[in-house]
Structures are given as C-alpha cells and as structure tokens.
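Student: Let me give you the structure first, and then I'll get to my questions.
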Amino acid sequence: MKNSPDSAALDTAVEDVHRAGMPGLFAEVRDGDQVWRGAAGVADVATGRPVTADMRHRVGSITKPFTAAAVLQQVDGGLIDLDAPVGRYLPELVPGERGAAITVRMLLNHTSGLAEYLPYAYPSLKAFPDFANTGPQSLEDHRFTRFDPAELIAMGVAAPPVGVPGGPLGVYSNTNYLLLVQLLEQVTGTTAEQYITRNVIERAGLRDTGFPDGPYVDGPHAQLYEAWFGMIDPPRDYSVYDMSWVGPAASLISTVADLNRFLGRLLAGEIVSPSSLAQMRRTVRVVSQEGRTIDYGLGLHPMEGPGQGTFWGHGGTVWGGGALAMARADGRRQLAVAVNMQRWNRLDSAGKPQPHPIDGALANLYRVAMYG
C-alpha cells in the first residue's frame with residue numbers, strides 16, 4: 001500500500017464522477033502528513049459557480065458517530081450503562097416490555113427492532129422501501145416544518161417492529177438515534193447539540209463543523225439537488241431545509257477536512273476511552289436503508305478491500321446531499337467525499353434502482369482514495 005495519495009489518479013477519479021452525471025463533488029484524502037484535496041463540477045447548476053474543496057456541507061448520518069461518541073463518553077463516566085434497558089432511562093418514550101428488552105447498545109447498533117419513523121412523518125414516502133410507490137411531494141411540503149422529536153420517536157415506536165430486540169439481523173433506523181439524543185439530554189442536563197459541540201466537536205479541534213440553527217447552511221456551500229429516482233426532473237435544490245426531521249441523528253454541517261480530522265482523532269482514542277472505542281468496533285449484521293446487509297458497530301461501520309486494511313467510518317444522505325467519511329483502522333489513511341445530488345438512479349420495471357455510471361465512478365474514487 002502506498003504511503004501517499006496518488007494526486008493525478010485522484011484528480012482523474014473526481015473528474016470522472018462529475019462527467020458521469022454528478023453536478024459537483026469535493027474530497028480530501030490524507031495519509032499522515034500527506035494531504036490531497038480536489039473538487040469537480042458546479043455548486044450551482046443555474047450559475048455555474050464551481051465547487052471548492054473547503055465548502056461546508058450537510059453530512060447526514062455521518063452525524064451518528066458524533067452522537068455515539070457523546071453517549072459513550074457518558075458510559076465512560078458511569079452515567080449510562082450500555083447494556084441497561086432504555087426503559088430505565090426513557091420509560092415514557094419506550095414503555096412496557098419493549099422498554100425493558102431494548103438496551104442502549106441495541107439503539108447504537110440498530111438491533112432494537114424499532115422501525116424507521118420517516119415513512120410515517122412523510123406521507124408520500126409511506127411505501128418506503130418500495131420506491132416505485134413513493135413520491136417526492138412530502139419533501140416539498142415539509143421544507144420548513146419544525147418537527148417535535150418526541151412525536152417522531154412515537155411514530156417509530158408505534159410502527160410495526162422490524163425485528164426482535166437483540167435479534168441476529170438489525171435494521172437501520174433513525175428512531176434509534178433520536179432516542180439516544182433524548183437519553184444524552186437527560187443525563188447531561190443540556191441539549192444534545194450543545195453537549196456534542198463542547199465535548200466532541202471542540203475536543204476534536206473542528207473549526208467548521210456544527211449543527212444548524214435554522215434551515216440555511218452558513219458559509220460557502222453547494223446547492224443540494226434531489227432527483228428521487230428520476231421523479232424530480234430536473235433535480236430540485238433542497239439546500240434550504242429545516243433539519244428537525246432528523247435532528248442530531250443526521251443534521252450536522254461540516255467540511256471534508258473536519259470529517260477526516262474527527263475520524264482520525266476518534267480512532268486515535270482522543271474522543272472516547274480505549275474500551276469504548278473497542279465497543280464501537282464490535283459489529284453486528286444490519287440491513288441498511290439501501291437494503292444491503294452490512295456490518296455495523298456503535299455508530300461506525302467497516303469497509304474492507306481485498307487484501308487491504310479495514311476502514312471505519314460512516315456514510316450520510318440528506319435531501320439532495322451525500323457524504324462518506326472513512327479512516328483506516330490505524331488512523332493514517334483517511335477519505336472524506338461530499339456530493340451534491342442524491343437518488344440519481346432511475347427505477348426499472350420491477351421498481352429497483354438501476355445502475356448508473358455515477359455508481360461505478362464513485363466506487364473507483366473510493367478505491368483510489370483508500371487503497372491507491
């Protein structure tokens with residue numbers, strides 16, 4: 001494995017993603033003191049304004065490792081027990097037998113059996129994951145809706161379970177992380193945003209990362225174009241959006257440089273204790289929102305290349321935007337990528353997303369970045 005990023009190959013790989021149909025993307029790859037940053041395409045299709053590698057971006061569920069780290073700090077401090085039932089802490093939100101059976105660990109690794117609330121909060125997504133019978137209208141309807149997290153949690157708790165607590169196959173669900181946010185607020189006596197900012201973001205030395213206090217992204221950023229499997233044509237800009245629909249489960253705004261810095265310091269043991277970091281790397285099998293079965297730990301999941309080292313990190317999507325941040329287990333080689341269009345795959349006659357040239361181009365970028 002090379003010790004420094006291949007700048008020419010990375011420049012080509014980023015351009016290839018843009019040429020495949022992505023309006024704009026930007027990335028940073030680190031290997032020790034060696035740093036490559038690159039960008040291709042436009043931040044705004046109407047004006048042609050280019051993307052740059054230092055832009056701020058909605059990073060979606062890459063927020064989850066930040067939230068998980070905050071919870072594990074409370075585990076380190078003895079205020080939360082990973083294997084205690086969530087009903088001990090939040091009996092009003094997860095009452096009865098399920099509250100007694102679901103543990104904090106199960107929320108962190110998505111084995112609680114609690115359903116995703118999103119199809120219930122967004123009526124046009126009711127058929128999810130049957131994409132052909134969904135529609136994008138609710139995305140527009142809820143652009144400025146201020147959701148109550150307790151109401152979103154109630155939707156997920158009331159929905160038919162997607163598994164038994166602690167079962168052999170988990171199902172990814174934002175309901176789990178909204179519950180963790182409530183747990184964090186109960187034990188710290190402050191908002192999750194304030195706690196995570198002080199004890200995770202600032203501890204990691206991140207200068208351009210934070211939670212939104214309104215529907216806008218502060219600072220230089222790209223527009224975010226949502227295609228919803230070809231049902232929005234041309235794709236619509238959703239960069240202005242109230243993020244209370246996910247809160248501290250997926251609302252963070254960051255930069256590719258800050259994402260790499262955070263993962264590097266997390267894996268170096270600078271954010272949580274070594275024992276908690278080891279817990280974060282204990283994986284179970286989980287069905288992702290894309291329907292793939294992946295290994296998932298406590299807010300982290302691994303990726304491996306044939307004969308290569310393991311990378312740990314997370315991906316994230318919001319309406320129109322996506323990101324991926326991964327770091328090799330030793331923390332040395334790191335990758336963070338941000339893209340400004342989502343759900344570009346059209347559906348086939350069976351309602352399944354069809355392969356798109358963007359998919360292959362992104363896979364090649366990840367390969368070059370992590371193993372090139």
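Chain lettering (A, B, ...) mirrors the order of the structure tokens, residue numbering begins at 1 for each chain separately, and ligand numbering begins at 1 in order of display.
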I want to know what sits within 10 Å of Ile271 of chain A, based on only C-alpha atoms, with residues of the same chain fewer than 5 positions away left out; could you give that as a VMD selection string?

Tutor: chain A and resid 66 69 to 70 72 to 73 199 to 201 203 to 204 262 to 266 276 to 277

Student: For the selection you just gave me, I'd like the residues written to a file as a tab-separated table (two decimals), in the first residue's frame, keeping all heavy atoms.

Tutor:
chain	number	residue	atom	x	y	z
A	66	PHE	N	-20.64	11.03	15.81
A	66	PHE	CA	-20.50	12.11	16.78
A	66	PHE	C	-21.45	11.87	17.96
A	66	PHE	O	-21.05	12.00	19.13
A	66	PHE	CB	-20.84	13.45	16.13
A	66	PHE	CG	-19.82	13.98	15.15
A	66	PHE	CD1	-19.73	13.48	13.87
A	66	PHE	CD2	-18.95	15.00	15.52
A	66	PHE	CE1	-18.80	13.98	12.96
A	66	PHE	CE2	-18.02	15.52	14.63
A	66	PHE	CZ	-17.94	14.99	13.34
A	69	ALA	N	-20.33	8.85	19.99
A	69	ALA	CA	-19.18	9.18	20.83
A	69	ALA	C	-19.62	9.94	22.08
A	69	ALA	O	-19.10	9.70	23.18
A	69	ALA	CB	-18.17	10.01	20.03
A	70	ALA	N	-20.59	10.84	21.92
A	70	ALA	CA	-21.09	11.59	23.08
A	70	ALA	C	-21.74	10.66	24.09
A	70	ALA	O	-21.54	10.80	25.31
A	70	ALA	CB	-22.08	12.65	22.61
A	72	LEU	N	-21.08	7.47	24.46
A	72	LEU	CA	-20.03	6.63	25.05
A	72	LEU	C	-19.18	7.40	26.06
A	72	LEU	O	-18.63	6.81	26.99
A	72	LEU	CB	-19.18	6.01	23.95
A	72	LEU	CG	-19.91	4.86	23.24
A	72	LEU	CD1	-19.31	4.56	21.90
A	72	LEU	CD2	-19.91	3.61	24.11
A	73	GLN	N	-19.07	8.71	25.91
A	73	GLN	CA	-18.42	9.49	26.96
A	73	GLN	C	-19.19	9.38	28.27
A	73	GLN	O	-18.59	9.34	29.35
A	73	GLN	CB	-18.32	10.96	26.52
A	73	GLN	CG	-17.28	11.21	25.44
A	73	GLN	CD	-17.27	12.66	24.99
A	73	GLN	OE1	-18.13	13.46	25.37
A	73	GLN	NE2	-16.31	13.02	24.15
A	199	ASN	N	-18.08	18.75	23.70
A	199	ASN	CA	-17.32	17.59	24.15
A	199	ASN	C	-16.86	16.66	23.03
A	199	ASN	O	-16.05	15.76	23.29
A	199	ASN	CB	-18.15	16.80	25.16
A	199	ASN	CG	-18.41	17.61	26.42
A	199	ASN	OD1	-17.56	17.73	27.28
A	199	ASN	ND2	-19.59	18.21	26.49
A	200	VAL	N	-17.37	16.85	21.83
A	200	VAL	CA	-16.92	16.04	20.68
A	200	VAL	C	-16.31	16.94	19.61
A	200	VAL	O	-15.13	16.80	19.26
A	200	VAL	CB	-18.07	15.19	20.10
A	200	VAL	CG1	-17.57	14.37	18.91
A	200	VAL	CG2	-18.66	14.28	21.18
A	201	ILE	N	-17.08	17.90	19.12
A	201	ILE	CA	-16.60	18.76	18.03
A	201	ILE	C	-15.41	19.59	18.47
A	201	ILE	O	-14.37	19.61	17.80
A	201	ILE	CB	-17.75	19.65	17.53
A	201	ILE	CG1	-18.83	18.78	16.85
A	201	ILE	CG2	-17.24	20.71	16.56
A	201	ILE	CD1	-20.11	19.52	16.52
A	203	ARG	N	-13.52	19.13	21.17
A	203	ARG	CA	-12.42	18.26	21.62
A	203	ARG	C	-11.60	17.77	20.44
A	203	ARG	O	-10.38	17.59	20.54
A	203	ARG	CB	-12.97	17.06	22.41
A	203	ARG	CG	-11.86	16.17	22.95
A	203	ARG	CD	-12.39	14.99	23.75
A	203	ARG	NE	-13.07	15.41	24.97
A	203	ARG	CZ	-13.45	14.57	25.92
A	203	ARG	NH1	-13.24	13.26	25.80
A	203	ARG	NH2	-14.07	15.01	27.01
A	204	ALA	N	-12.27	17.55	19.31
A	204	ALA	CA	-11.56	17.09	18.11
A	204	ALA	C	-10.88	18.25	17.37
A	204	ALA	O	-10.17	18.01	16.39
A	204	ALA	CB	-12.53	16.38	17.18
A	262	PHE	N	-11.85	14.53	12.53
A	262	PHE	CA	-12.64	13.87	13.57
A	262	PHE	C	-12.37	12.38	13.62
A	262	PHE	O	-12.09	11.82	14.69
A	262	PHE	CB	-14.13	14.13	13.33
A	262	PHE	CG	-15.02	13.22	14.14
A	262	PHE	CD1	-15.10	13.33	15.52
A	262	PHE	CD2	-15.78	12.23	13.52
A	262	PHE	CE1	-15.91	12.48	16.26
A	262	PHE	CE2	-16.59	11.38	14.25
A	262	PHE	CZ	-16.66	11.51	15.63
A	263	LEU	N	-12.46	11.70	12.47
A	263	LEU	CA	-12.27	10.25	12.48
A	263	LEU	C	-10.86	9.89	12.90
A	263	LEU	O	-10.65	8.90	13.62
A	263	LEU	CB	-12.58	9.66	11.10
A	263	LEU	CG	-14.04	9.35	10.81
A	263	LEU	CD1	-14.18	8.75	9.42
A	263	LEU	CD2	-14.64	8.41	11.84
A	264	GLY	N	-9.88	10.66	12.48
A	264	GLY	CA	-8.51	10.38	12.89
A	264	GLY	C	-8.35	10.44	14.39
A	264	GLY	O	-7.71	9.58	15.00
A	265	ARG	N	-8.94	11.44	15.01
A	265	ARG	CA	-8.80	11.60	16.46
A	265	ARG	C	-9.66	10.61	17.22
A	265	ARG	O	-9.28	10.14	18.30
A	265	ARG	CB	-9.11	13.05	16.85
A	265	ARG	CG	-8.03	13.97	16.29
A	265	ARG	CD	-8.12	15.41	16.70
A	265	ARG	NE	-6.95	16.11	16.16
A	265	ARG	CZ	-6.75	17.41	16.24
A	265	ARG	NH1	-7.65	18.17	16.87
A	265	ARG	NH2	-5.67	17.96	15.73
A	266	LEU	N	-10.83	10.27	16.66
A	266	LEU	CA	-11.65	9.24	17.29
A	266	LEU	C	-10.90	7.91	17.33
A	266	LEU	O	-10.82	7.26	18.39
A	266	LEU	CB	-12.97	9.09	16.53
A	266	LEU	CG	-13.92	7.99	17.05
A	266	LEU	CD1	-14.45	8.34	18.44
A	266	LEU	CD2	-15.08	7.78	16.07
A	276	SER	N	-14.24	2.05	25.18
A	276	SER	CA	-15.42	2.47	24.42
A	276	SER	C	-15.15	2.41	22.92
A	276	SER	O	-16.03	2.05	22.13
A	276	SER	CB	-15.85	3.88	24.83
A	276	SER	OG	-16.53	3.85	26.06
A	277	LEU	N	-13.93	2.76	22.50
A	277	LEU	CA	-13.59	2.65	21.09
A	277	LEU	C	-13.67	1.19	20.64
A	277	LEU	O	-14.15	0.89	19.54
A	277	LEU	CB	-12.19	3.22	20.84
A	277	LEU	CG	-11.73	3.23	19.39
A	277	LEU	CD1	-12.67	4.01	18.49
A	277	LEU	CD2	-10.30	3.80	19.31

Student: Enumerate as a ChimeraX atom specification all residues of segment 171-342 of chain A assigned to strand (DSSP E) by DSSP on the backbone, naming them with the chain letters and numbers the document uses.

Tutor: /A:171,225-226,236-237,253-254,284-287,293-296,301-304,310-318,321-328,333-339,341-342

Student: Which residues of segment 74-106 of chain A have any atom within 12 Å of an atom in segment 131-150 of chain A when counting only C-alpha atoms, and what is the closest pair of atoms for each, with the distance in Å to one decimal? Order the rows by chain and rising number and write it as JSON lines.

Tutor:
{"residue": "A:Leu90", "atom": "CA", "partner": "A:Ala150", "partner_atom": "CA", "distance": 11.1}
{"residue": "A:Glu92", "atom": "CA", "partner": "A:Ala150", "partner_atom": "CA", "distance": 9.9}
{"residue": "A:Leu93", "atom": "CA", "partner": "A:Ala150", "partner_atom": "CA", "distance": 7.5}
{"residue": "A:Val94", "atom": "CA", "partner": "A:Ala150", "partner_atom": "CA", "distance": 10.7}

Student: For those residues, write N, CA, C and O atoms to a file as a short mmCIF file (atom, residue, chain, number, x, y, z; two decimals), in the first residue's frame.

Tutor:
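The resulting file, result.cif, is shown below:
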data_model
loop_
_atom_site.label_atom_id
_atom_site.label_comp_id
_atom_site.auth_asym_id
_atom_site.auth_seq_id
_atom_site.Cartn_x
_atom_site.Cartn_y
_atom_site.Cartn_z
N LEU A 90 -35.79 6.16 29.75
CA LEU A 90 -36.83 6.87 28.99
C LEU A 90 -38.13 6.06 28.96
O LEU A 90 -38.62 5.68 27.91
N GLU A 92 -41.16 6.80 29.36
CA GLU A 92 -42.32 7.40 28.70
C GLU A 92 -42.22 7.29 27.17
O GLU A 92 -43.24 7.33 26.47
N LEU A 93 -41.00 7.13 26.64
CA LEU A 93 -40.81 7.06 25.19
C LEU A 93 -40.82 5.62 24.68
O LEU A 93 -41.29 5.36 23.56
N VAL A 94 -40.29 4.68 25.45
CA VAL A 94 -40.33 3.26 25.08
C VAL A 94 -40.87 2.50 26.28
O VAL A 94 -40.12 1.96 27.11
#

Student: Could you produce a table of the residues of segment 23-53 of chain A lying within 12 Å of segment 57-60 of chain A, with the nearest pair of atoms per residue and their separation in Å rounded to one decimal, using only C-alpha atoms, ordered by chain and increasing residue number, as JSON lines?

Tutor:
{"residue": "A:Gly24", "atom": "CA", "partner": "A:His57", "partner_atom": "CA", "distance": 11.9}
{"residue": "A:Leu25", "atom": "CA", "partner": "A:His57", "partner_atom": "CA", "distance": 10.5}
{"residue": "A:Phe26", "atom": "CA", "partner": "A:His57", "partner_atom": "CA", "distance": 10.1}
{"residue": "A:Ala27", "atom": "CA", "partner": "A:His57", "partner_atom": "CA", "distance": 11.4}
{"residue": "A:Ala43", "atom": "CA", "partner": "A:His57", "partner_atom": "CA", "distance": 10.9}
{"residue": "A:Val51", "atom": "CA", "partner": "A:His57", "partner_atom": "CA", "distance": 11.0}
{"residue": "A:Thr52", "atom": "CA", "partner": "A:His57", "partner_atom": "CA", "distance": 11.2}
{"residue": "A:Ala53", "atom": "CA", "partner": "A:His57", "partner_atom": "CA", "distance": 10.4}

Student: Taking into account only C-alpha atoms, which residue in the set A:Pro23, A:Gly315, A:Pro248, A:Pro50 is nearest to Met303 of chain A?

Tutor: A:Gly315

Student: Just to confirm, what's the straight-line distance from atom CA of Val240 of chain A to atom CA of Val287 of chain A in Å (one decimal)?

Tutor: 29.8 Å

Student: Given only C-alpha atoms as the basis, pick out the residue of A:Ala159, A:Ala336, A:Val104, A:Val86 nearest to Tyr120 of chain A.

Tutor: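 Between A:Ala159, A:Ala336, A:Val104, A:Val86, the residue approaching Tyr120 of chain A most closely is A:Ala159.
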
Student: Choose the residue, out of A:Leu267, A:Ala68, A:Leu79, A:Leu300, that has the smallest atom-to-atom separation from Val187 of chain A; count only C-alpha atoms.

Tutor: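 With only C-alpha atoms as the atom set, the closest residue is A:Leu79.
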
Student: Skip Arg282 of chain A itself and residues of its chain fewer than 2 positions away, then list as a list in words all residues within 9 Å of it, counting only C-alpha atoms.

Tutor: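 What passes the distance filter is Ala278, Gln279, Met280, Val284, Tyr296, Gly297 and Leu298 of chain A.
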
Student: When distances are computed from only C-alpha atoms, which of A:Tyr172, A:Tyr225, A:Tyr366, A:Tyr195 shows the smallest separation from Val14 of chain A?

Tutor: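 Under the stated criterion, the closest residue is A:Tyr366.
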
Student: May I have all residues of segment 237-319 of chain A that DSSP, computed from the backbone, assigns to alpha helix (DSSP H), given as number ranges by chain?

Tutor: A: 256-267, 274-280

Student: For the selection just defined, write its residues with N, CA, C and O atoms to a file, as a compact mmCIF listing (two decimals), in the first residue's frame.

Tutor:
# COMPACT_ATOMS: atom_id res chain seq x y z
N VAL A 256 -14.99 18.42 4.47
CA VAL A 256 -14.26 17.15 4.31
C VAL A 256 -13.01 17.14 5.18
O VAL A 256 -12.62 16.09 5.72
N ALA A 257 -12.37 18.30 5.37
CA ALA A 257 -11.18 18.35 6.22
C ALA A 257 -11.54 18.04 7.68
O ALA A 257 -10.83 17.28 8.36
N ASP A 258 -12.64 18.61 8.15
CA ASP A 258 -13.05 18.35 9.54
C ASP A 258 -13.47 16.90 9.74
O ASP A 258 -13.21 16.32 10.80
N LEU A 259 -14.15 16.31 8.76
CA LEU A 259 -14.55 14.91 8.90
C LEU A 259 -13.32 14.01 9.04
O LEU A 259 -13.30 13.10 9.87
N ASN A 260 -12.30 14.26 8.24
CA ASN A 260 -11.08 13.47 8.36
C ASN A 260 -10.41 13.69 9.71
O ASN A 260 -9.92 12.75 10.34
N ARG A 261 -10.39 14.92 10.16
CA ARG A 261 -9.77 15.22 11.45
C ARG A 261 -10.51 14.51 12.59
O ARG A 261 -9.91 13.92 13.48
N PHE A 262 -11.85 14.53 12.53
CA PHE A 262 -12.64 13.87 13.57
C PHE A 262 -12.37 12.38 13.62
O PHE A 262 -12.09 11.82 14.69
N LEU A 263 -12.46 11.70 12.47
CA LEU A 263 -12.27 10.25 12.48
C LEU A 263 -10.86 9.89 12.90
O LEU A 263 -10.65 8.90 13.62
N GLY A 264 -9.88 10.66 12.48
CA GLY A 264 -8.51 10.38 12.89
C GLY A 264 -8.35 10.44 14.39
O GLY A 264 -7.71 9.58 15.00
N ARG A 265 -8.94 11.44 15.01
CA ARG A 265 -8.80 11.60 16.46
C ARG A 265 -9.66 10.61 17.22
O ARG A 265 -9.28 10.14 18.30
N LEU A 266 -10.83 10.27 16.66
CA LEU A 266 -11.65 9.24 17.29
C LEU A 266 -10.90 7.91 17.33
O LEU A 266 -10.82 7.26 18.39
N LEU A 267 -10.34 7.51 16.20
CA LEU A 267 -9.65 6.22 16.12
C LEU A 267 -8.33 6.23 16.88
O LEU A 267 -7.81 5.16 17.23
N PRO A 274 -10.26 3.95 25.34
CA PRO A 274 -9.95 2.77 24.52
C PRO A 274 -11.00 1.68 24.61
O PRO A 274 -11.31 1.02 23.62
N SER A 275 -11.58 1.47 25.80
CA SER A 275 -12.59 0.42 25.93
C SER A 275 -13.85 0.79 25.16
O SER A 275 -14.47 -0.07 24.53
N SER A 276 -14.24 2.05 25.18
CA SER A 276 -15.42 2.47 24.42
C SER A 276 -15.15 2.41 22.92
O SER A 276 -16.03 2.05 22.13
N LEU A 277 -13.93 2.76 22.50
CA LEU A 277 -13.59 2.65 21.09
C LEU A 277 -13.67 1.19 20.64
O LEU A 277 -14.15 0.89 19.54
N ALA A 278 -13.22 0.29 21.50
CA ALA A 278 -13.33 -1.14 21.17
C ALA A 278 -14.79 -1.56 21.05
O ALA A 278 -15.14 -2.36 20.17
N GLN A 279 -15.65 -1.02 21.89
CA GLN A 279 -17.09 -1.31 21.78
C GLN A 279 -17.65 -0.79 20.46
O GLN A 279 -18.50 -1.44 19.84
N MET A 280 -17.20 0.38 20.04
CA MET A 280 -17.68 0.96 18.79
C MET A 280 -17.35 0.05 17.61
O MET A 280 -18.07 0.04 16.60

Student: Calculate how many Å separate atom CA of Ser4 of chain A from atom CA of Gly38 of chain A, rounding to one decimal.

Tutor: 15.0 Å

Student: Can you list, as a list in words, every protein, DNA or RNA residue that comes within 12 Å of His356 of chain A when you count only C-alpha atoms, leaving out same-chain residues fewer than 2 positions away?

Tutor: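 Final neighbour list, sorted by chain and number: Val17, Ala20, Gly21, Met22, Phe229, Gly230, Arg343, Trp344, Asn345, Arg346, Leu347, Asp348, Pro353, Gln354, Ile358, Asp359, Gly360, Ala361, Leu362 and Ala363 of chain A.
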
Student: Using only C-alpha atoms, please write the residues we just selected to a file, as a short mmCIF file (atom, residue, chain, number, x, y, z; two decimals), in the first residue's frame.

Tutor:
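This went into part-v1.cif:
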data_model
loop_
_atom_site.label_atom_id
_atom_site.label_comp_id
_atom_site.auth_asym_id
_atom_site.auth_seq_id
_atom_site.Cartn_x
_atom_site.Cartn_y
_atom_site.Cartn_z
CA VAL A 17 -17.65 11.23 -11.11
CA ALA A 20 -20.75 10.53 -15.07
CA GLY A 21 -23.51 12.95 -14.10
CA MET A 22 -22.81 14.32 -10.61
CA PHE A 229 -35.18 8.15 -8.56
CA GLY A 230 -35.97 10.32 -11.59
CA ARG A 343 -31.00 9.27 -5.61
CA TRP A 344 -29.83 9.65 -9.19
CA ASN A 345 -30.71 6.03 -10.06
CA ARG A 346 -33.92 5.61 -12.02
CA LEU A 347 -36.15 2.61 -11.31
CA ASP A 348 -36.52 -0.41 -13.58
CA PRO A 353 -32.87 1.29 -8.73
CA GLN A 354 -30.96 0.78 -11.97
CA ILE A 358 -22.11 7.63 -11.15
CA ASP A 359 -22.11 4.44 -9.04
CA GLY A 360 -19.09 2.97 -10.78
CA ALA A 361 -17.23 6.28 -10.83
CA LEU A 362 -17.75 6.79 -7.09
CA ALA A 363 -16.66 3.22 -6.34
#

Student: What does the distance between atom CA of Asn109 of chain A and atom CA of Glu97 of chain A come to in Å, to one decimal place?

Tutor: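 One can read the atom CA of Asn109 of chain A to atom CA of Glu97 of chain A distance as 19.7 Å.
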
Student: With only C-alpha atoms as the basis for distance, which of A:Gln342, A:Thr310, A:Asn176, A:Gln334 is at the shortest distance from Ala249 of chain A?

Tutor: A:Asn176
